[in-house]
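S.K.: JSON, C-alpha atoms, file coords.json:
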[["chain", "number", "residue", "atom", "x", "y", "z"],
["M", 114, "MET", "CA", -28.31, 12.98, 69.06],
["M", 115, "LYS", "CA", -24.87, 12.63, 70.64],
["M", 116, "VAL", "CA", -23.54, 15.51, 68.54],
["M", 117, "HIS", "CA", -26.28, 17.85, 69.78],
["M", 118, "TYR", "CA", -25.69, 16.73, 73.37],
["M", 119, "LEU", "CA", -21.94, 17.33, 73.12],
["M", 120, "ARG", "CA", -22.49, 20.78, 71.57],
["M", 121, "MET", "CA", -24.86, 21.69, 74.38],
["M", 122, "VAL", "CA", -22.35, 20.49, 77.00],
["M", 123, "ARG", "CA", -19.53, 22.50, 75.42],
["M", 124, "ARG", "CA", -21.67, 25.64, 75.31],
["M", 125, "ALA", "CA", -22.65, 25.16, 78.95],
["M", 126, "PHE", "CA", -19.00, 24.68, 79.96],
["M", 127, "ARG", "CA", -18.01, 27.85, 78.13],
["M", 128, "ALA", "CA", -20.81, 29.86, 79.69],
["M", 129, "LEU", "CA", -20.10, 28.58, 83.19],
["M", 130, "ARG", "CA", -16.36, 29.28, 82.83],
["M", 131, "HIS", "CA", -16.85, 32.83, 81.64],
["M", 132, "PRO", "CA", -13.87, 35.08, 82.51],
["M", 133, "LYS", "CA", -16.08, 37.41, 84.54],
["M", 134, "LEU", "CA", -17.15, 34.54, 86.78],
["M", 135, "ARG", "CA", -13.99, 32.43, 86.81],
["M", 136, "HIS", "CA", -12.01, 34.52, 89.29],
["M", 137, "ARG", "CA", -14.69, 35.02, 91.91],
["M", 138, "PRO", "CA", -14.09, 32.93, 95.06],
["M", 139, "TRP", "CA", -17.75, 32.07, 95.64],
["M", 140, "TRP", "CA", -18.09, 30.85, 92.06],
["M", 141, "GLN", "CA", -14.96, 28.70, 92.35],
["M", 142, "LYS", "CA", -16.44, 26.91, 95.38],
["M", 143, "VAL", "CA", -19.69, 26.27, 93.55],
["M", 144, "SER", "CA", -18.25, 25.38, 90.17],
["M", 145, "LYS", "CA", -15.40, 23.08, 91.22],
["M", 146, "PRO", "CA", -17.65, 20.05, 91.84],
["M", 147, "LEU", "CA", -19.91, 21.14, 88.97],
["M", 148, "PHE", "CA", -17.17, 20.68, 86.37],
["M", 149, "HIS", "CA", -16.39, 17.08, 87.21],
["M", 150, "ARG", "CA", -16.58, 15.29, 83.85],
["M", 151, "SER", "CA", -18.40, 12.24, 85.19],
["M", 152, "LEU", "CA", -21.43, 14.43, 85.91],
["M", 153, "TRP", "CA", -21.72, 15.36, 82.24],
["M", 154, "VAL", "CA", -21.05, 11.99, 80.54],
["M", 155, "PRO", "CA", -24.35, 10.23, 79.82],
["M", 156, "CYS", "CA", -24.84, 6.63, 80.89],
["M", 157, "ARG", "CA", -28.01, 4.77, 81.70],
["M", 158, "ASP", "CA", -27.94, 5.05, 85.49],
["M", 159, "THR", "CA", -26.80, 8.67, 85.77],
["M", 160, "VAL", "CA", -29.27, 9.78, 83.11],
["M", 161, "ALA", "CA", -32.14, 7.94, 84.82],
["M", 162, "SER", "CA", -31.34, 9.51, 88.17],
["M", 163, "GLY", "CA", -30.77, 12.96, 86.68],
["M", 164, "LEU", "CA", -34.03, 12.75, 84.76],
["M", 165, "ALA", "CA", -35.86, 11.65, 87.90],
["M", 166, "ILE", "CA", -34.53, 14.63, 89.85],
["M", 167, "GLY", "CA", -35.39, 17.01, 87.02],
["M", 168, "LEU", "CA", -38.91, 15.65, 86.54],
["M", 169, "PHE", "CA", -39.60, 15.85, 90.25],
["M", 170, "PHE", "CA", -38.56, 19.49, 90.39],
["M", 171, "SER", "CA", -40.40, 20.30, 87.16],
["M", 172, "MET", "CA", -43.66, 19.79, 89.03],
["M", 173, "MET", "CA", -42.72, 22.17, 91.83],
["M", 174, "PRO", "CA", -44.34, 25.61, 91.46],
["M", 175, "PHE", "CA", -41.32, 27.83, 92.00],
["M", 176, "ILE", "CA", -39.01, 29.63, 89.60],
["M", 177, "PRO", "CA", -35.43, 28.34, 90.15],
["M", 178, "GLN", "CA", -36.36, 24.70, 89.47],
["M", 179, "SER", "CA", -33.40, 23.96, 87.22],
["M", 180, "ILE", "CA", -30.87, 25.52, 89.58],
["M", 181, "ILE", "CA", -32.12, 23.46, 92.52],
["M", 182, "ALA", "CA", -32.20, 20.34, 90.33],
["M", 183, "ALA", "CA", -28.61, 20.99, 89.18],
["M", 184, "ILE", "CA", -27.39, 21.43, 92.75],
["M", 185, "LEU", "CA", -29.13, 18.25, 93.86],
["M", 186, "ALA", "CA", -27.82, 16.37, 90.80],
["M", 187, "MET", "CA", -24.33, 17.61, 91.57],
["M", 188, "ARG", "CA", -24.61, 16.40, 95.18],
["M", 189, "ALA", "CA", -26.06, 13.04, 94.07],
["M", 190, "LYS", "CA", -23.36, 12.68, 91.36],
["M", 191, "VAL", "CA", -25.81, 12.15, 88.51],
["M", 192, "ASN", "CA", -26.11, 13.70, 85.05],
["M", 193, "ILE", "CA", -26.56, 17.46, 85.41],
["M", 194, "PRO", "CA", -27.72, 18.37, 81.87],
["M", 195, "PHE", "CA", -30.56, 15.86, 81.99],
["M", 196, "ALA", "CA", -31.61, 17.06, 85.45],
["M", 197, "MET", "CA", -31.70, 20.66, 84.25],
["M", 198, "GLY", "CA", -33.30, 19.86, 80.91],
["M", 199, "ALA", "CA", -36.10, 17.84, 82.48],
["M", 200, "CYS", "CA", -37.16, 20.89, 84.47],
["M", 201, "PHE", "CA", -38.38, 22.47, 81.25],
["M", 202, "VAL", "CA", -41.16, 19.89, 80.91],
["M", 203, "SER", "CA", -43.24, 22.43, 82.78],
["M", 204, "ASN", "CA", -43.31, 25.66, 80.84],
["M", 205, "PRO", "CA", -45.94, 28.35, 80.22],
["M", 206, "PHE", "CA", -47.71, 26.12, 77.68],
["M", 207, "THR", "CA", -47.86, 22.99, 79.81],
["M", 208, "ASN", "CA", -48.39, 24.55, 83.25],
["M", 209, "VAL", "CA", -52.19, 24.85, 82.97],
["M", 210, "PRO", "CA", -52.77, 21.14, 82.20],
["M", 211, "PHE", "CA", -50.26, 20.15, 84.88],
["M", 212, "TRP", "CA", -51.96, 22.38, 87.47],
["M", 213, "TYR", "CA", -55.37, 20.95, 86.56],
["M", 214, "ALA", "CA", -54.03, 17.39, 86.94],
["M", 215, "GLN", "CA", -52.25, 18.29, 90.19],
["M", 216, "ILE", "CA", -55.41, 19.69, 91.73],
["M", 217, "HIS", "CA", -57.44, 16.60, 90.88],
["M", 218, "LEU", "CA", -54.67, 14.17, 91.85],
["M", 219, "GLY", "CA", -54.22, 15.99, 95.16],
["M", 220, "GLN", "CA", -57.95, 15.86, 95.86],
["M", 221, "TRP", "CA", -57.98, 12.14, 95.06],
["M", 222, "PHE", "CA", -55.10, 11.49, 97.47],
["M", 223, "ILE", "CA", -56.79, 13.57, 100.17],
["M", 224, "ASP", "CA", -60.04, 11.62, 99.74],
["M", 225, "VAL", "CA", -58.38, 8.19, 99.66],
["M", 226, "LEU", "CA", -55.91, 8.76, 102.51],
["M", 227, "ASN", "CA", -58.20, 11.00, 104.63],
["M", 228, "LEU", "CA", -55.57, 13.73, 104.88],
["M", 229, "PRO", "CA", -56.36, 16.95, 106.77],
["M", 230, "VAL", "CA", -57.37, 19.90, 104.59],
["M", 231, "LEU", "CA", -56.28, 23.49, 105.05],
["M", 232, "PRO", "CA", -59.16, 25.92, 105.50],
["M", 233, "GLY", "CA", -60.21, 28.14, 102.63],
["M", 234, "GLN", "CA", -61.49, 26.53, 99.48],
["M", 235, "ILE", "CA", -62.29, 28.32, 96.25],
["M", 236, "ASP", "CA", -64.87, 27.11, 93.75],
["M", 237, "LEU", "CA", -63.39, 27.60, 90.27],
["M", 238, "PRO", "CA", -65.48, 27.11, 87.14],
["M", 239, "MET", "CA", -64.54, 23.98, 85.12],
["M", 240, "VAL", "CA", -62.16, 22.87, 87.92],
["M", 241, "GLY", "CA", -64.25, 22.47, 91.05],
["M", 242, "MET", "CA", -63.26, 23.07, 94.65],
["M", 243, "VAL", "CA", -59.62, 24.10, 94.95],
["M", 244, "SER", "CA", -57.64, 24.52, 98.14],
["M", 245, "ALA", "CA", -53.97, 24.92, 98.89],
["M", 246, "SER", "CA", -53.84, 21.46, 100.41],
["M", 247, "ASN", "CA", -55.01, 19.55, 97.34],
["M", 248, "TRP", "CA", -52.63, 21.56, 95.15],
["M", 249, "ILE", "CA", -49.64, 20.91, 97.48],
["M", 250, "VAL", "CA", -50.43, 17.21, 97.75],
["M", 251, "GLY", "CA", -51.03, 17.12, 93.99],
["M", 252, "PHE", "CA", -47.73, 18.63, 92.86],
["M", 253, "THR", "CA", -45.79, 16.53, 95.34],
["M", 254, "ALA", "CA", -47.52, 13.32, 94.25],
["M", 255, "MET", "CA", -47.18, 14.15, 90.56],
["M", 256, "GLY", "CA", -43.48, 14.94, 91.03],
["M", 257, "VAL", "CA", -42.90, 11.60, 92.73],
["M", 258, "LEU", "CA", -44.86, 9.73, 90.04],
["M", 259, "MET", "CA", -42.96, 11.42, 87.22],
["M", 260, "ALA", "CA", -39.64, 10.74, 88.94],
["M", 261, "LEU", "CA", -40.54, 7.08, 89.30],
["M", 262, "ALA", "CA", -41.58, 6.92, 85.63],
["M", 263, "ALA", "CA", -38.16, 8.19, 84.55],
["M", 264, "TYR", "CA", -36.32, 5.00, 85.49],
["M", 265, "PRO", "CA", -38.25, 2.49, 83.32],
["M", 266, "LEU", "CA", -38.34, 4.96, 80.42],
["M", 267, "VAL", "CA", -34.58, 5.50, 80.43],
["M", 268, "HIS", "CA", -33.86, 1.80, 80.83],
["M", 269, "LEU", "CA", -36.23, 0.98, 77.96],
["M", 270, "PHE", "CA", -34.56, 3.61, 75.78],
["M", 271, "SER", "CA", -31.17, 2.14, 76.67],
["M", 272, "LEU", "CA", -32.35, -1.35, 75.68],
["M", 273, "ILE", "CA", -33.76, -0.16, 72.36],
["M", 274, "LEU", "CA", -30.83, 2.11, 71.45],
["M", 275, "PRO", "CA", -27.77, 0.89, 73.37],
["M", 276, "HIS", "CA", -25.33, 2.88, 71.20],
["M", 277, "GLN", "CA", -27.07, 6.15, 72.12],
["M", 278, "LEU", "CA", -27.19, 5.58, 75.88],
["M", 279, "PRO", "CA", -24.58, 3.08, 77.15],
["M", 280, "VAL", "CA", -25.15, 0.95, 80.23],
["M", 281, "GLY", "CA", -22.11, 2.16, 82.14],
["M", 282, "ARG", "CA", -19.65, 4.96, 82.08],
["M", 283, "ARG", "CA", -16.77, 4.83, 79.68],
["M", 284, "ALA", "CA", -15.23, 1.38, 79.58],
["M", 285, "LYS", "CA", -11.67, 2.72, 79.93],
["M", 286, "ALA", "CA", -12.49, 4.29, 83.27],
["M", 287, "LEU", "CA", -13.89, 1.02, 84.62],
["M", 288, "LYS", "CA", -11.16, -1.39, 83.43],
["M", 289, "PRO", "CA", -8.07, -2.09, 85.51],
["M", 290, "ALA", "CA", -4.78, -0.65, 84.26],
["M", 291, "GLY", "CA", -3.32, -4.04, 83.17],
["M", 292, "SER", "CA", -6.21, -4.97, 80.86],
["M", 293, "ALA", "CA", -5.62, -2.15, 78.34],
["M", 294, "GLU", "CA", -3.76, -4.46, 75.93],
["M", 295, "GLN", "CA", -6.56, -7.01, 75.91],
["M", 296, "SER", "CA", -9.23, -4.44, 75.09],
["M", 297, "ASP", "CA", -7.38, -3.20, 71.99],
["M", 298, "VAL", "CA", -7.29, -6.68, 70.40],
["M", 299, "ARG", "CA", -10.62, -7.64, 68.82]]
Could you express the structure from this file as structure tokens?

M.R.:
Amino acid sequence: MKVHYLRMVRRAFRALRHPKLRHRPWWQKVSKPLFHRSLWVPCRDTVASGLAIGLFFSMMPFIPQSIIAAILAMRAKVNIPFAMGACFVSNPFTNVPFWYAQIHLGQWFIDVLNLPVLPGQIDLPMVGMVSASNWIVGFTAMGVLMALAAYPLVHLFSLILPHQLPVGRRAKALKPAGSAEQSDVR
């Protein structure tokens, strides 16, 4: 799994540092913080936060989900590949079940919390009454729920397979300079 991840990261670095883009001033401003290595090294906390950001934006019904997730992951200093990859949970095959669940979850939240409803409801066969308000509340609530579910899943995965997803960033970066001799002796 690590080999596939590292290959994907190398391909992404090569594509983002393409010679046609490298010398453009606007791209240099955007890409300078993007290429910080700590944003691409997987550890439990950065992966959990990156996955949470990506899963939240995967439920949003607009096209540039992964770009917005990458920018937010870059600003939050969490793992960018996991934030972008999680956005592809929603794809043309999974959108219909997600939309169905979002409509019903939004209607449930509107009924329980007595939220105001926008005018204009449509009666769809096999779905029921659909309005913009229950869909908006639904995709926001589902995004928050999926983001919250990312943390225990990543931490459980890290407990089960600690060699695949370490707890912290590289140990050399966290140790003080004088303790390098002690870490080599085992």

S.K.: In Å, rounded to a single decimal, give me how far CA of Ala125 (chain M) is from CA of Leu164 (chain M).

M.R.: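 CA of Leu164 (chain M) sits 17.8 Å away from CA of Ala125 (chain M).
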
S.K.: Dig up all the protein and nucleic acid residues within 9 Å of (-33.2, 7.6, 88.1) in the file frame, using all atoms listed in the file, and format them as an mmCIF file with C-alpha atoms, in the frame of the given file.

M.R.:
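Everything below was put into point.cif:
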data_model
loop_
_atom_site.group_PDB
_atom_site.id
_atom_site.type_symbol
_atom_site.label_atom_id
_atom_site.label_comp_id
_atom_site.auth_asym_id
_atom_site.auth_seq_id
_atom_site.Cartn_x
_atom_site.Cartn_y
_atom_site.Cartn_z
ATOM 1 C CA ARG M 157 -28.010 4.770 81.700
ATOM 2 C CA ASP M 158 -27.940 5.050 85.490
ATOM 3 C CA THR M 159 -26.800 8.670 85.770
ATOM 4 C CA VAL M 160 -29.270 9.780 83.110
ATOM 5 C CA ALA M 161 -32.140 7.940 84.820
ATOM 6 C CA SER M 162 -31.340 9.510 88.170
ATOM 7 C CA GLY M 163 -30.770 12.960 86.680
ATOM 8 C CA LEU M 164 -34.030 12.750 84.760
ATOM 9 C CA ALA M 165 -35.860 11.650 87.900
ATOM 10 C CA ILE M 166 -34.530 14.630 89.850
ATOM 11 C CA VAL M 191 -25.810 12.150 88.510
ATOM 12 C CA ALA M 260 -39.640 10.740 88.940
ATOM 13 C CA LEU M 261 -40.540 7.080 89.300
ATOM 14 C CA ALA M 262 -41.580 6.920 85.630
ATOM 15 C CA ALA M 263 -38.160 8.190 84.550
ATOM 16 C CA TYR M 264 -36.320 5.000 85.490
ATOM 17 C CA PRO M 265 -38.250 2.490 83.320
ATOM 18 C CA VAL M 267 -34.580 5.500 80.430
#

S.K.: Between CA of Met173 (chain M) and CA of Leu152 (chain M), what distance in Å does the model show, to one decimal?

M.R.: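 Separating CA of Met173 (chain M) from CA of Leu152 (chain M) is a distance of 23.4 Å.
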
S.K.: Which polymer residues have any atom within 12 Å of an atom of region 218-221 of chain M, counting all atoms listed in the file, with same-chain residues fewer than 4 positions away left out, as a list in words?

M.R.: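 The contact residues come out as Phe211, Trp212, Tyr213, Ala214, Val225, Leu226, Asn227, Leu228, Pro229, Val230, Gln234, Val240, Gly241, Met242, Val243, Ser244, Ala245, Ser246, Asn247, Trp248, Ile249, Val250, Gly251, Phe252, Thr253, Ala254, Met255, Gly256 and Leu258 of chain M.
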
S.K.: Restricting the calculation to all atoms listed in the file, which member of M:Ser271, M:Thr207, M:Ala199, M:Val143 is positioned closest to Ile184 (chain M)?

M.R.: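 Result for the nearest residue to Ile184 (chain M): M:Val143.
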
S.K.: Between M:Leu274, M:Ser144, M:Val257, M:Trp153, single out the one closest to His131 (chain M), counting all atoms listed in the file.

M.R.: M:Ser144

S.K.: Tell me which of M:Ala189, M:Ile223, M:Cys200, M:Pro194 sits closest to Pro177 (chain M), counting all atoms listed in the file.

M.R.: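 Among the listed residues, M:Cys200 lies closest to Pro177 (chain M).
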